[in-house]
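Structure below is start29.cif: mmCIF, C-alpha atoms and all ligand atoms.
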data_run
#
loop_
_atom_site.label_atom_id
_atom_site.label_comp_id
_atom_site.auth_asym_id
_atom_site.auth_seq_id
_atom_site.Cartn_x
_atom_site.Cartn_y
_atom_site.Cartn_z
CA MET S 19 -9.50 19.00 11.10
CA GLN S 20 -12.85 18.44 9.26
CA ASP S 21 -14.85 21.21 7.55
CA ALA S 22 -18.04 19.12 7.75
CA ASP S 23 -19.21 15.61 8.61
CA VAL S 24 -20.44 15.13 5.05
CA ILE S 25 -19.78 16.95 1.78
CA VAL S 26 -22.41 16.47 -0.92
CA VAL S 27 -21.29 17.48 -4.41
CA GLY S 28 -24.23 18.46 -6.65
CA ALA S 29 -27.55 20.01 -5.61
CA GLY S 30 -29.83 18.20 -8.07
CA PRO S 31 -32.61 15.98 -6.64
CA GLY S 32 -30.10 13.28 -5.63
CA GLY S 33 -27.72 15.60 -3.79
CA SER S 34 -30.29 17.87 -2.15
CA VAL S 35 -32.40 14.97 -0.83
CA THR S 36 -29.29 13.23 0.58
CA ALA S 37 -28.15 16.50 2.22
CA MET S 38 -31.63 17.16 3.62
CA LEU S 39 -31.97 13.69 5.17
CA LEU S 40 -28.50 13.69 6.72
CA ALA S 41 -28.95 17.24 8.07
CA ARG S 42 -32.32 16.16 9.56
CA GLN S 43 -30.37 13.46 11.45
CA GLY S 44 -28.16 16.18 12.93
CA TRP S 45 -25.05 15.76 10.76
CA ASP S 46 -23.09 18.82 9.65
CA VAL S 47 -23.57 18.77 5.86
CA LEU S 48 -21.86 20.99 3.28
CA LEU S 49 -23.75 20.98 -0.05
CA LEU S 50 -21.76 22.26 -3.05
CA ASP S 51 -22.85 23.07 -6.59
CA ARG S 52 -21.00 24.71 -9.45
CA ALA S 53 -24.23 26.53 -10.38
CA ARG S 54 -25.95 29.47 -8.72
CA PHE S 55 -29.55 28.71 -7.81
CA PRO S 56 -32.22 28.84 -9.00
CA ARG S 57 -30.70 27.27 -12.10
CA GLU S 58 -32.11 25.61 -15.19
CA LYS S 59 -31.54 21.92 -15.85
CA VAL S 60 -32.31 20.46 -19.25
CA CYS S 61 -35.08 17.94 -18.51
CA GLY S 62 -38.56 16.77 -19.52
CA ASP S 63 -39.73 17.95 -16.06
CA GLY S 64 -41.93 14.85 -15.63
CA LEU S 65 -42.47 13.46 -12.14
CA THR S 66 -43.82 9.92 -12.38
CA PRO S 67 -46.14 8.36 -9.74
CA ARG S 68 -42.97 6.67 -8.52
CA ALA S 69 -41.39 10.10 -7.91
CA VAL S 70 -44.59 11.26 -6.19
CA HIS S 71 -44.44 8.24 -3.88
CA THR S 72 -40.90 9.23 -2.83
CA LEU S 73 -41.89 12.89 -2.40
CA GLN S 74 -44.71 11.69 -0.12
CA ARG S 75 -42.26 9.66 1.98
CA LEU S 76 -40.02 12.72 2.25
CA GLY S 77 -43.00 14.88 3.31
CA LEU S 78 -42.55 17.13 0.26
CA GLU S 79 -45.44 16.30 -2.06
CA SER S 80 -47.68 19.21 -1.10
CA ARG S 81 -44.87 21.77 -1.57
CA VAL S 82 -44.16 20.40 -5.05
CA ALA S 83 -47.86 20.11 -5.91
CA ASN S 84 -48.40 23.82 -5.09
CA HIS S 85 -46.18 24.79 -8.03
CA ALA S 86 -46.69 21.87 -10.42
CA PHE S 87 -49.19 20.80 -13.10
CA ALA S 88 -50.83 17.52 -12.07
CA VAL S 89 -51.15 14.66 -14.55
CA THR S 90 -53.49 11.73 -14.06
CA HIS S 91 -52.59 9.34 -16.84
CA ALA S 92 -50.05 8.34 -19.46
CA ARG S 93 -50.61 8.01 -23.20
CA LEU S 94 -48.52 5.98 -25.65
CA VAL S 95 -48.75 6.74 -29.38
CA ALA S 96 -47.50 4.13 -31.89
CA PRO S 97 -45.69 4.96 -35.15
CA SER S 98 -48.98 4.11 -36.94
CA GLY S 99 -50.76 6.84 -34.93
CA VAL S 100 -52.82 4.37 -32.86
CA SER S 101 -52.67 5.21 -29.16
CA PHE S 102 -53.90 4.17 -25.75
CA SER S 103 -54.25 6.10 -22.49
CA LEU S 104 -54.11 4.60 -19.06
CA PRO S 105 -54.96 6.35 -15.81
CA PHE S 106 -52.45 6.17 -12.96
CA ASP S 107 -54.95 3.90 -11.29
CA PRO S 108 -54.38 2.64 -7.72
CA HIS S 109 -55.92 -0.69 -8.86
CA VAL S 110 -53.17 -1.06 -11.45
CA SER S 111 -50.22 0.09 -9.37
CA PRO S 112 -49.67 0.61 -5.64
CA LEU S 113 -48.31 4.11 -6.31
CA PRO S 114 -50.19 7.43 -5.96
CA PRO S 115 -52.67 7.91 -8.84
CA ARG S 116 -50.98 11.08 -10.10
CA GLY S 117 -47.77 12.52 -11.45
CA TYR S 118 -46.65 16.13 -11.91
CA VAL S 119 -44.83 18.28 -14.41
CA LEU S 120 -42.65 20.96 -12.83
CA PRO S 121 -39.71 22.68 -14.55
CA ARG S 122 -36.42 21.97 -12.86
CA LEU S 123 -35.69 25.63 -12.11
CA PRO S 124 -38.33 25.71 -9.34
CA LEU S 125 -38.17 21.98 -8.48
CA ASP S 126 -34.43 21.81 -7.80
CA ASP S 127 -34.46 25.09 -5.92
CA LEU S 128 -37.29 23.86 -3.73
CA LEU S 129 -35.38 20.67 -2.87
CA ARG S 130 -32.18 22.67 -2.25
CA GLN S 131 -34.11 25.01 0.08
CA GLU S 132 -35.40 21.98 1.99
CA ALA S 133 -31.79 20.80 2.44
CA VAL S 134 -30.84 24.23 3.79
CA ALA S 135 -33.95 24.43 6.01
CA ALA S 136 -32.91 21.07 7.50
CA GLY S 137 -29.53 22.59 8.44
CA SER S 138 -27.20 21.96 5.47
CA ARG S 139 -24.79 24.73 4.52
CA PHE S 140 -24.97 25.51 0.78
CA LEU S 141 -22.13 26.91 -1.29
CA ALA S 142 -23.12 28.06 -4.81
CA GLY S 143 -20.69 28.60 -7.68
CA ALA S 144 -18.42 25.95 -6.13
CA ARG S 145 -16.99 23.74 -8.88
CA VAL S 146 -15.42 20.62 -7.41
CA ARG S 147 -12.25 19.98 -9.42
CA ASP S 148 -10.92 16.93 -7.64
CA VAL S 149 -11.32 14.61 -4.66
CA LEU S 150 -8.72 14.61 -1.88
CA GLN S 151 -7.41 11.15 -1.14
CA ASP S 152 -5.39 9.70 1.70
CA GLY S 153 -4.21 6.43 0.20
CA ARG S 154 -7.40 4.88 -1.21
CA ARG S 155 -9.66 6.75 1.16
CA VAL S 156 -11.51 9.91 0.04
CA VAL S 157 -11.11 12.60 2.69
CA GLY S 158 -12.39 15.75 0.98
CA VAL S 159 -12.66 17.80 -2.21
CA VAL S 160 -10.79 20.51 -4.07
CA VAL S 161 -13.10 23.41 -4.93
CA GLU S 162 -12.70 26.30 -7.34
CA ARG S 163 -14.89 29.27 -6.47
CA GLU S 164 -14.67 32.82 -7.77
CA GLY S 165 -11.15 32.18 -9.07
CA THR S 166 -9.88 30.78 -5.74
CA VAL S 167 -9.00 27.14 -5.11
CA SER S 168 -9.70 25.73 -1.61
CA THR S 169 -9.85 22.30 -0.04
CA TYR S 170 -12.67 21.04 2.18
CA ARG S 171 -12.35 17.94 4.33
CA ALA S 172 -15.10 15.63 5.56
CA ARG S 173 -15.59 12.11 6.88
CA LEU S 174 -17.78 11.28 3.91
CA VAL S 175 -18.01 12.70 0.36
CA ILE S 176 -21.17 12.03 -1.63
CA LEU S 177 -20.97 12.52 -5.38
CA ALA S 178 -24.32 13.50 -6.91
CA VAL S 179 -22.96 15.16 -10.03
CA GLY S 180 -25.47 13.84 -12.59
CA ALA S 181 -24.07 13.04 -16.04
CA ASN S 182 -20.85 15.03 -15.46
CA ILE S 183 -18.28 12.26 -15.14
CA ALA S 184 -15.11 14.32 -14.50
CA LEU S 185 -14.90 13.44 -10.78
CA LEU S 186 -15.78 9.81 -11.37
CA ARG S 187 -12.89 9.69 -13.84
CA ARG S 188 -10.61 11.04 -11.12
CA LEU S 189 -11.69 8.17 -8.88
CA GLY S 190 -10.95 5.72 -11.69
CA LEU S 191 -14.60 4.63 -11.89
CA VAL S 192 -15.44 5.75 -15.43
CA PHE S 193 -13.17 6.08 -18.45
CA GLN S 194 -15.50 6.65 -21.43
CA PRO S 195 -18.61 8.84 -21.37
CA PRO S 196 -21.22 6.09 -20.81
CA HIS S 197 -24.13 7.98 -22.41
CA GLU S 198 -26.89 5.74 -23.61
CA ILE S 199 -29.52 8.36 -24.41
CA VAL S 200 -29.18 11.87 -25.77
CA ALA S 201 -32.23 14.02 -25.04
CA VAL S 202 -33.34 17.40 -26.31
CA ARG S 203 -36.20 19.58 -25.11
CA GLY S 204 -37.99 22.91 -25.62
CA TYR S 205 -41.12 24.65 -24.32
CA TRP S 206 -44.09 25.51 -26.56
CA GLN S 207 -46.89 27.90 -25.64
CA GLY S 208 -50.35 27.44 -27.17
CA VAL S 209 -50.25 23.66 -27.75
CA GLU S 210 -53.73 22.37 -28.61
CA ASN S 211 -55.54 19.50 -26.98
CA LEU S 212 -53.19 19.25 -24.00
CA GLN S 213 -54.40 16.61 -21.59
CA PRO S 214 -53.34 16.05 -17.97
CA ALA S 215 -51.13 13.24 -19.24
CA LEU S 216 -47.52 12.26 -19.81
CA GLU S 217 -47.61 11.56 -23.55
CA PHE S 218 -44.97 9.42 -25.27
CA PHE S 219 -44.70 9.31 -29.09
CA PHE S 220 -42.90 6.71 -31.18
CA THR S 221 -42.25 7.40 -34.85
CA ARG S 222 -40.34 5.65 -37.62
CA ASP S 223 -38.13 8.73 -38.18
CA LEU S 224 -37.02 8.82 -34.56
CA TYR S 225 -36.06 5.16 -34.36
CA PRO S 226 -34.37 4.21 -32.06
CA GLY S 227 -35.92 6.74 -29.69
CA TYR S 228 -39.09 8.42 -28.51
CA GLY S 229 -40.69 11.82 -28.17
CA TRP S 230 -42.68 13.30 -25.29
CA VAL S 231 -45.24 16.01 -24.59
CA PHE S 232 -45.43 16.86 -20.89
CA PRO S 233 -47.83 19.72 -20.04
CA THR S 234 -46.50 22.41 -17.70
CA SER S 235 -49.93 24.14 -17.78
CA GLU S 236 -53.18 23.93 -19.75
CA GLU S 237 -51.56 25.74 -22.70
CA GLU S 238 -47.85 25.07 -22.42
CA ALA S 239 -45.80 21.89 -22.72
CA ASN S 240 -42.26 20.66 -22.38
CA ILE S 241 -41.71 18.79 -25.66
CA GLY S 242 -38.65 16.74 -26.39
CA ILE S 243 -37.04 13.63 -27.80
CA GLY S 244 -34.68 10.98 -26.48
CA ILE S 245 -32.44 9.02 -28.84
CA TYR S 246 -30.85 5.75 -27.75
CA ARG S 247 -27.15 5.05 -28.22
CA SER S 248 -26.44 7.84 -30.63
CA ASN S 249 -23.56 10.10 -31.46
CA THR S 250 -23.85 12.48 -28.52
CA ALA S 251 -21.91 15.38 -29.99
CA LYS S 252 -23.70 15.21 -33.36
CA VAL S 253 -27.20 15.13 -31.84
CA LEU S 254 -26.41 17.95 -29.41
CA ARG S 255 -25.02 20.11 -32.25
CA SER S 256 -28.16 19.69 -34.30
CA ALA S 257 -30.54 19.49 -31.32
CA ALA S 258 -33.07 22.06 -32.46
CA GLN S 259 -33.22 20.63 -35.94
CA VAL S 260 -33.67 17.01 -34.82
CA LEU S 261 -36.55 18.06 -32.57
CA ARG S 262 -38.14 20.19 -35.31
CA SER S 263 -38.00 17.30 -37.83
CA PHE S 264 -39.66 15.04 -35.29
CA LEU S 265 -42.48 17.55 -34.74
CA GLN S 266 -42.91 18.14 -38.48
CA GLY S 267 -42.91 14.43 -39.26
CA ASN S 268 -45.67 13.52 -36.80
CA ASP S 269 -49.18 14.25 -38.14
CA GLU S 270 -50.81 14.61 -34.73
CA LEU S 271 -48.15 16.90 -33.29
CA ARG S 272 -47.92 19.02 -36.46
CA GLU S 273 -51.61 19.78 -36.08
CA ARG S 274 -51.53 20.40 -32.32
CA LEU S 275 -48.54 22.71 -32.61
CA GLY S 276 -49.98 24.61 -35.60
CA ARG S 277 -50.54 27.80 -33.58
CA ALA S 278 -47.97 27.18 -30.85
CA ALA S 279 -44.90 29.35 -30.28
CA PRO S 280 -41.60 28.21 -28.82
CA ARG S 281 -40.95 29.94 -25.48
CA ALA S 282 -37.36 28.99 -24.76
CA GLN S 283 -34.27 27.82 -26.56
CA VAL S 284 -34.15 24.14 -27.45
CA ARG S 285 -31.40 22.49 -25.42
CA GLY S 286 -30.02 18.97 -25.15
CA TYR S 287 -27.96 16.90 -22.75
CA PRO S 288 -26.74 13.30 -22.54
CA ILE S 289 -28.34 10.88 -20.08
CA ARG S 290 -26.55 8.08 -18.24
CA THR S 291 -28.56 4.89 -17.85
CA ASP S 292 -25.65 2.50 -17.34
CA PHE S 293 -26.33 1.22 -13.81
CA PRO S 294 -24.67 -1.01 -12.61
CA SER S 295 -21.44 -0.32 -14.46
CA HIS S 296 -19.06 0.78 -11.69
CA SER S 297 -18.66 0.89 -7.91
CA VAL S 298 -20.95 3.25 -6.06
CA ALA S 299 -19.31 3.05 -2.63
CA GLY S 300 -15.81 2.98 -1.19
CA ALA S 301 -13.77 4.26 1.74
CA GLY S 302 -15.11 7.76 2.46
CA TRP S 303 -17.35 8.06 -0.62
CA LEU S 304 -20.74 7.21 -2.15
CA VAL S 305 -22.23 7.93 -5.59
CA VAL S 306 -25.91 8.90 -5.84
CA GLY S 307 -28.49 9.38 -8.63
CA GLU S 308 -27.59 9.73 -12.28
CA ALA S 309 -23.89 9.73 -11.35
CA ALA S 310 -24.47 6.04 -10.57
CA GLY S 311 -26.19 5.57 -13.97
CA LEU S 312 -29.60 5.40 -12.28
CA VAL S 313 -31.95 6.59 -15.04
CA ASN S 314 -34.67 4.38 -16.56
CA PRO S 315 -33.06 3.08 -19.81
CA VAL S 316 -36.40 3.07 -21.64
CA THR S 317 -38.00 6.39 -20.66
CA GLY S 318 -34.99 8.46 -19.52
CA GLU S 319 -36.75 9.22 -16.20
CA GLY S 320 -34.24 9.66 -13.39
CA ILE S 321 -35.58 12.15 -10.83
CA ASP S 322 -37.46 9.36 -9.06
CA LEU S 323 -34.42 7.06 -8.95
CA ALA S 324 -32.11 9.91 -7.87
CA MET S 325 -34.34 10.58 -4.84
CA GLU S 326 -34.73 6.86 -4.03
CA SER S 327 -30.96 6.30 -4.12
CA ALA S 328 -30.56 9.42 -1.95
CA MET S 329 -32.83 7.88 0.70
CA ILE S 330 -30.80 4.68 0.74
CA ALA S 331 -27.51 6.64 0.77
CA ALA S 332 -28.66 8.74 3.72
CA GLU S 333 -29.64 5.64 5.74
CA VAL S 334 -26.34 3.86 5.11
CA ALA S 335 -24.31 7.07 5.62
CA HIS S 336 -26.04 7.76 8.94
CA SER S 337 -25.12 4.31 10.29
CA ALA S 338 -21.55 4.64 8.99
CA LEU S 339 -21.09 8.11 10.48
CA LEU S 340 -22.01 6.74 13.91
CA GLY S 341 -18.83 4.64 13.62
CA GLU S 342 -16.29 4.45 10.79
CA THR S 343 -16.95 5.68 7.24
CA ASP S 344 -14.75 2.97 5.75
CA ALA S 345 -15.48 0.75 2.75
CA ARG S 346 -16.97 -2.00 4.92
CA ALA S 347 -19.46 0.36 6.58
CA LEU S 348 -20.52 1.92 3.25
CA TRP S 349 -20.70 -1.28 1.23
CA PRO S 350 -24.36 -1.97 2.21
CA TYR S 351 -25.30 1.00 0.01
CA ALA S 352 -23.97 -0.77 -3.09
CA TRP S 353 -25.66 -3.99 -2.07
CA ARG S 354 -29.03 -2.27 -1.47
CA LEU S 355 -28.89 -0.41 -4.82
CA HIS S 356 -28.14 -3.66 -6.64
CA ARG S 357 -30.95 -5.45 -4.84
CA ARG S 358 -33.48 -2.74 -5.64
CA PHE S 359 -32.46 -1.76 -9.19
CA GLY S 360 -30.09 -4.40 -10.62
CA HIS S 361 -32.62 -6.83 -12.07
CA VAL S 362 -34.93 -4.02 -13.23
CA PHE S 363 -32.15 -2.39 -15.24
CA ARG S 364 -30.99 -5.69 -16.71
CA GLY S 365 -34.58 -6.52 -17.69
CA LEU S 366 -35.31 -3.10 -19.23
CA ARG S 367 -32.07 -3.22 -21.20
CA ARG S 368 -32.89 -6.70 -22.50
CA LEU S 369 -36.41 -5.64 -23.44
CA ARG S 370 -35.53 -2.34 -25.13
CA PRO S 371 -34.09 -3.66 -28.42
CA ILE S 372 -36.91 -6.21 -28.75
CA VAL S 373 -39.82 -3.89 -28.07
CA MET S 374 -38.68 -0.45 -29.15
CA ARG S 375 -38.95 -1.19 -32.88
CA PRO S 376 -41.58 0.56 -34.98
CA ARG S 377 -43.28 -2.67 -36.11
CA ALA S 378 -43.30 -4.18 -32.59
CA LEU S 379 -44.64 -0.94 -31.10
CA ASP S 380 -47.42 -0.75 -33.71
CA ILE S 381 -48.57 -4.25 -32.75
CA LEU S 382 -48.17 -3.79 -28.99
CA ILE S 383 -49.96 -0.45 -28.79
CA ARG S 384 -52.77 -1.60 -31.13
CA LYS S 385 -53.37 -4.67 -28.95
CA ALA S 386 -53.05 -2.69 -25.72
CA ALA S 387 -55.62 -0.14 -26.94
CA LYS S 388 -58.15 -3.01 -27.01
CA HIS S 389 -56.95 -4.95 -24.00
CA PRO S 390 -56.59 -2.98 -20.72
CA PRO S 391 -54.57 -5.64 -18.80
CA LEU S 392 -51.91 -5.55 -21.53
CA ALA S 393 -51.97 -1.73 -21.48
CA ALA S 394 -51.49 -1.78 -17.69
CA ARG S 395 -48.56 -4.16 -17.95
CA ILE S 396 -46.82 -2.11 -20.67
CA MET S 397 -47.34 1.09 -18.68
CA GLY S 398 -46.14 -0.52 -15.45
CA ILE S 399 -42.95 -1.73 -17.12
CA THR S 400 -42.39 1.62 -18.83
CA LEU S 401 -42.83 3.62 -15.63
CA GLY S 402 -40.80 1.19 -13.53
CA THR S 403 -43.63 -0.07 -11.33
CA THR S 404 -43.90 -3.58 -12.81
CA SER S 405 -40.96 -5.95 -13.26
CA PRO S 406 -39.73 -5.92 -16.89
CA TYR S 407 -39.59 -9.72 -16.70
CA THR S 408 -43.41 -9.84 -16.73
CA ALA S 409 -43.03 -9.08 -20.46
CA PHE S 410 -41.81 -12.65 -20.89
CA LEU S 411 -44.73 -14.26 -19.01
CA PRO S 412 -47.07 -16.52 -21.02
CA SER S 413 -49.99 -14.22 -20.08
CA THR S 414 -48.33 -11.25 -21.86
CA TRP S 415 -47.73 -13.29 -25.01
CA GLY S 416 -51.27 -14.66 -24.79
CA TRP S 417 -52.69 -11.12 -24.74
CA ILE S 418 -50.51 -10.10 -27.68
CA LEU S 419 -51.12 -13.15 -29.86
CA PHE S 420 -54.79 -13.85 -29.24
C1 LIG S 501 -33.51 16.29 -21.93
C2 LIG S 501 -33.70 15.46 -20.69
C3 LIG S 501 -34.99 15.13 -20.31
C4 LIG S 501 -35.20 14.42 -19.11
N1 LIG S 501 -36.49 14.21 -18.71
C5 LIG S 501 -36.73 13.65 -17.51
C6 LIG S 501 -38.07 13.58 -17.00
O1 LIG S 501 -39.03 14.06 -17.60
N2 LIG S 501 -38.26 12.98 -15.79
C7 LIG S 501 -37.23 12.45 -15.07
O2 LIG S 501 -37.47 11.89 -13.99
N3 LIG S 501 -35.95 12.54 -15.53
C8 LIG S 501 -35.68 13.14 -16.71
N4 LIG S 501 -34.38 13.28 -17.15
C9 LIG S 501 -33.29 12.73 -16.33
C10 LIG S 501 -33.05 13.65 -15.12
O3 LIG S 501 -32.80 14.96 -15.57
C11 LIG S 501 -31.87 13.16 -14.30
O4 LIG S 501 -31.95 11.77 -14.15
C12 LIG S 501 -31.86 13.81 -12.91
O5 LIG S 501 -31.65 15.19 -13.03
C13 LIG S 501 -30.74 13.19 -12.06
O6 LIG S 501 -30.66 13.88 -10.83
P1 LIG S 501 -29.25 13.99 -10.08
O7 LIG S 501 -29.51 14.72 -8.82
O8 LIG S 501 -28.61 12.66 -10.03
O9 LIG S 501 -28.31 14.88 -11.06
P2 LIG S 501 -28.55 16.33 -11.65
O10 LIG S 501 -29.95 16.73 -11.54
O11 LIG S 501 -27.91 16.33 -12.99
O12 LIG S 501 -27.73 17.28 -10.67
C14 LIG S 501 -26.32 17.27 -10.67
C15 LIG S 501 -25.83 18.58 -10.06
O13 LIG S 501 -24.42 18.48 -9.88
C16 LIG S 501 -23.81 19.69 -10.21
N5 LIG S 501 -22.42 19.40 -10.57
C17 LIG S 501 -21.98 18.58 -11.55
N6 LIG S 501 -20.65 18.52 -11.54
C18 LIG S 501 -20.23 19.30 -10.52
C19 LIG S 501 -18.95 19.64 -10.00
N7 LIG S 501 -17.83 19.13 -10.52
N8 LIG S 501 -18.89 20.49 -8.95
C20 LIG S 501 -20.01 20.99 -8.38
N9 LIG S 501 -21.26 20.71 -8.84
C21 LIG S 501 -21.35 19.85 -9.88
C22 LIG S 501 -24.65 20.22 -11.36
O14 LIG S 501 -24.54 21.64 -11.48
C23 LIG S 501 -26.06 19.79 -10.94
O15 LIG S 501 -26.73 20.80 -10.22
C24 LIG S 501 -34.11 13.98 -18.33
C25 LIG S 501 -32.81 14.28 -18.73
C26 LIG S 501 -32.59 15.02 -19.91
C27 LIG S 501 -31.19 15.37 -20.31
#

Just give me the structure as structure tokens.
Ligand SMILES: Cc1cc2nc3c(=O)[nH]c(=O)nc-3n(C[C@H](O)[C@H](O)[C@H](O)COP(=O)(O)OP(=O)(O)OC[C@H]3O[C@@H](n4cnc5c(N)ncnc54)[C@H](O)[C@@H]3O)c2cc1C
Amino acid sequence: MQDADVIVVGAGPGGSVTAMLLARQGWDVLLLDRARFPREKVCGDGLTPRAVHTLQRLGLESRVANHAFAVTHARLVAPSGVSFSLPFDPHVSPLPPRGYVLPRLPLDDLLRQEAVAAGSRFLAGARVRDVLQDGRRVVGVVVEREGTVSTYRARLVILAVGANIALLRRLGLVFQPPHEIVAVRGYWQGVENLQPALEFFFTRDLYPGYGWVFPTSEEEANIGIGIYRSNTAKVLRSAAQVLRSFLQGNDELRERLGRAAPRAQVRGYPIRTDFPSHSVAGAGWLVVGEAAGLVNPVTGEGIDLAMESAMIAAEVAHSALLGETDARALWPYAWRLHRRFGHVFRGLRRLRPIVMRPRALDILIRKAAKHPPLAARIMGITLGTTSPYTAFLPSTWGWILF
């Protein structure tokens, strides 16, 4: 006896979009989250043009835009203080010429509501403790809710649990926390000179890592830092202090934040960027979004990739549900994720240690400020719209050297 056709665990962007698309196809979907919504999620709140493109395809851009602050360009600031800005120009990239900044409390609730409006049943405060298995096949989940433990069965279980790896451990997919970035953010009211831009800052003190200023309105910004491959526990313990030292150590930000006041507590969380490090599909199960390690290893952006993987998951799941939800029917999901993201992740990971050094960034950003084609290429690679392998083309080196 099944409780649903599909159980989706996690109502972040990955889970809610998967649930919405499958419910739109007429499947009985049960969406579970340990949190009660609307809930906060520690994030930079930045929606890249790539995320906007996916929202357009899902028919959700206008709903998001009604609540969000629109941004029209990106700005990169080198450790030397030199910077360049580049509009999200349709001539440079085929994506929409805009991004948005929208805190996750409204964004995730909006996406969850869309899943419910499409017909999904949503259960809040439902912490999934384990997966039910029949041999090697996943047949349901064990849920703890309000002190009671229950089991729910379905033909397909989709894990969209973000960076929480407990269930993936149960499935034997992950053994160590594979965190590659630790990120910390706060909100400041009264920030001066806020532009409609996603601003990225690189400083010597923050090496290896980056800072960001993403405006949530004309006066307020989500400000944070991401640190690559660091001691997760240590950074999270001293989150507020690490962020404060970054802001104090950067001349431009110190000035712009002179009269600003923090609005909310500084909070941090690890980010998984380790795709492709484990299976994402098997008999009766799929893994979507950050739970599959799908976050850009350079910028830490993962909302766009969570929604894109959700679209692929929903297509493959729909075909499988029409017949058998066995490993063979679900395998095309893994293949399609690898085809779309595999080489991009390998390229970004190869590029990161070469490029993300203070000296290299000083040179790159100084040259890009004078040479728009180089600026466009750097921005495209950073935002995931241009192949990272274009960094190794003779034209890129020509622009840098001459
Ligand atoms: C500080 C920081 C800044 C970031 N900035 C950006 C940014 O500006 N732009 C961007 O695109 N990305 C950013 N990211 C990355 C982005 O937050 C994630 O990539 C994105 O949220 C992934 O979406 P998801 O749906 O896969 O998982 P999540 O959004 O993490 O959702 C997972 C859901 O699963 C639920 N859950 C987990 N375990 C269980 C369980 N056992 N039972 C039931 N429910 C469970 C959680 O409550 C949660 O609601 C940032 C991340 C951090 C930490």

So for stretch 182-187 of chain S, what box centre and size do we get, axis-aligned, 5 Å extra on each of the six sides, every listed atom, Å to one decimal, as AutoDock Vina command-line options?
--center_x -16.9 --center_y 12.4 --center_z -13.1 --size_x 18.0 --size_y 15.3 --size_z 14.7

**Q.** Long-range neighbours of stretch 96-107 of chain S as a PyMOL selection string, 7 Å cut-off, all atoms listed in the file, 5 positions minimum in chain
**A.** chain S and resi 90-91+115-116+219-222+376+379-380+383-384+386-387

Suppose we keep C-alpha atoms; can you now write the selection as an mmCIF file, in the frame of the given file?
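out-v5.cif was written with the following content:
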data_model
loop_
_atom_site.group_PDB
_atom_site.id
_atom_site.type_symbol
_atom_site.label_atom_id
_atom_site.label_comp_id
_atom_site.auth_asym_id
_atom_site.auth_seq_id
_atom_site.Cartn_x
_atom_site.Cartn_y
_atom_site.Cartn_z
ATOM 1 C CA THR S 90 -53.490 11.730 -14.060
ATOM 2 C CA HIS S 91 -52.590 9.340 -16.840
ATOM 3 C CA PRO S 115 -52.670 7.910 -8.840
ATOM 4 C CA ARG S 116 -50.980 11.080 -10.100
ATOM 5 C CA PHE S 219 -44.700 9.310 -29.090
ATOM 6 C CA PHE S 220 -42.900 6.710 -31.180
ATOM 7 C CA THR S 221 -42.250 7.400 -34.850
ATOM 8 C CA ARG S 222 -40.340 5.650 -37.620
ATOM 9 C CA PRO S 376 -41.580 0.560 -34.980
ATOM 10 C CA LEU S 379 -44.640 -0.940 -31.100
ATOM 11 C CA ASP S 380 -47.420 -0.750 -33.710
ATOM 12 C CA ILE S 383 -49.960 -0.450 -28.790
ATOM 13 C CA ARG S 384 -52.770 -1.600 -31.130
ATOM 14 C CA ALA S 386 -53.050 -2.690 -25.720
ATOM 15 C CA ALA S 387 -55.620 -0.140 -26.940
#

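For the set S:Arg188, S:Arg171, S:Arg262, S:Arg285, the residue with the smallest atom-to-atom gap to ligand LIG 501 (chain S) is S:Arg285, counting all atoms listed in the file.
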
Q: Measure the distance from atom CA of S:Leu113 to atom CA of S:Pro67 in Å and round it to one decimal.
A: 5.9 Å

Q) What residues have an atom no more than 10 Å from (-28.0, 24.6, 13.6) in the file's own frame, counting only C-alpha atoms, and can you write them as a VMD selection string? A) chain S and resid 41 44 to 46 135 to 139

Create the file for the chosen residues now, containing C-alpha atoms and written as a PDB file, keeping the file's coordinate frame.
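result08.pdb, freshly written:
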ATOM      1  CA  ALA S  41     -28.950  17.240   8.070  1.00  0.00           C
ATOM      2  CA  GLY S  44     -28.160  16.180  12.930  1.00  0.00           C
ATOM      3  CA  TRP S  45     -25.050  15.760  10.760  1.00  0.00           C
ATOM      4  CA  ASP S  46     -23.090  18.820   9.650  1.00  0.00           C
ATOM      5  CA  ALA S 135     -33.950  24.430   6.010  1.00  0.00           C
ATOM      6  CA  ALA S 136     -32.910  21.070   7.500  1.00  0.00           C
ATOM      7  CA  GLY S 137     -29.530  22.590   8.440  1.00  0.00           C
ATOM      8  CA  SER S 138     -27.200  21.960   5.470  1.00  0.00           C
ATOM      9  CA  ARG S 139     -24.790  24.730   4.520  1.00  0.00           C
TER      10      ARG S 139
END

Q. How many Å separate atom CA of S:Thr234 from atom CA of S:Leu65?
A.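 Taking atom CA of S:Thr234 and atom CA of S:Leu65, their separation equals 11.3 Å.
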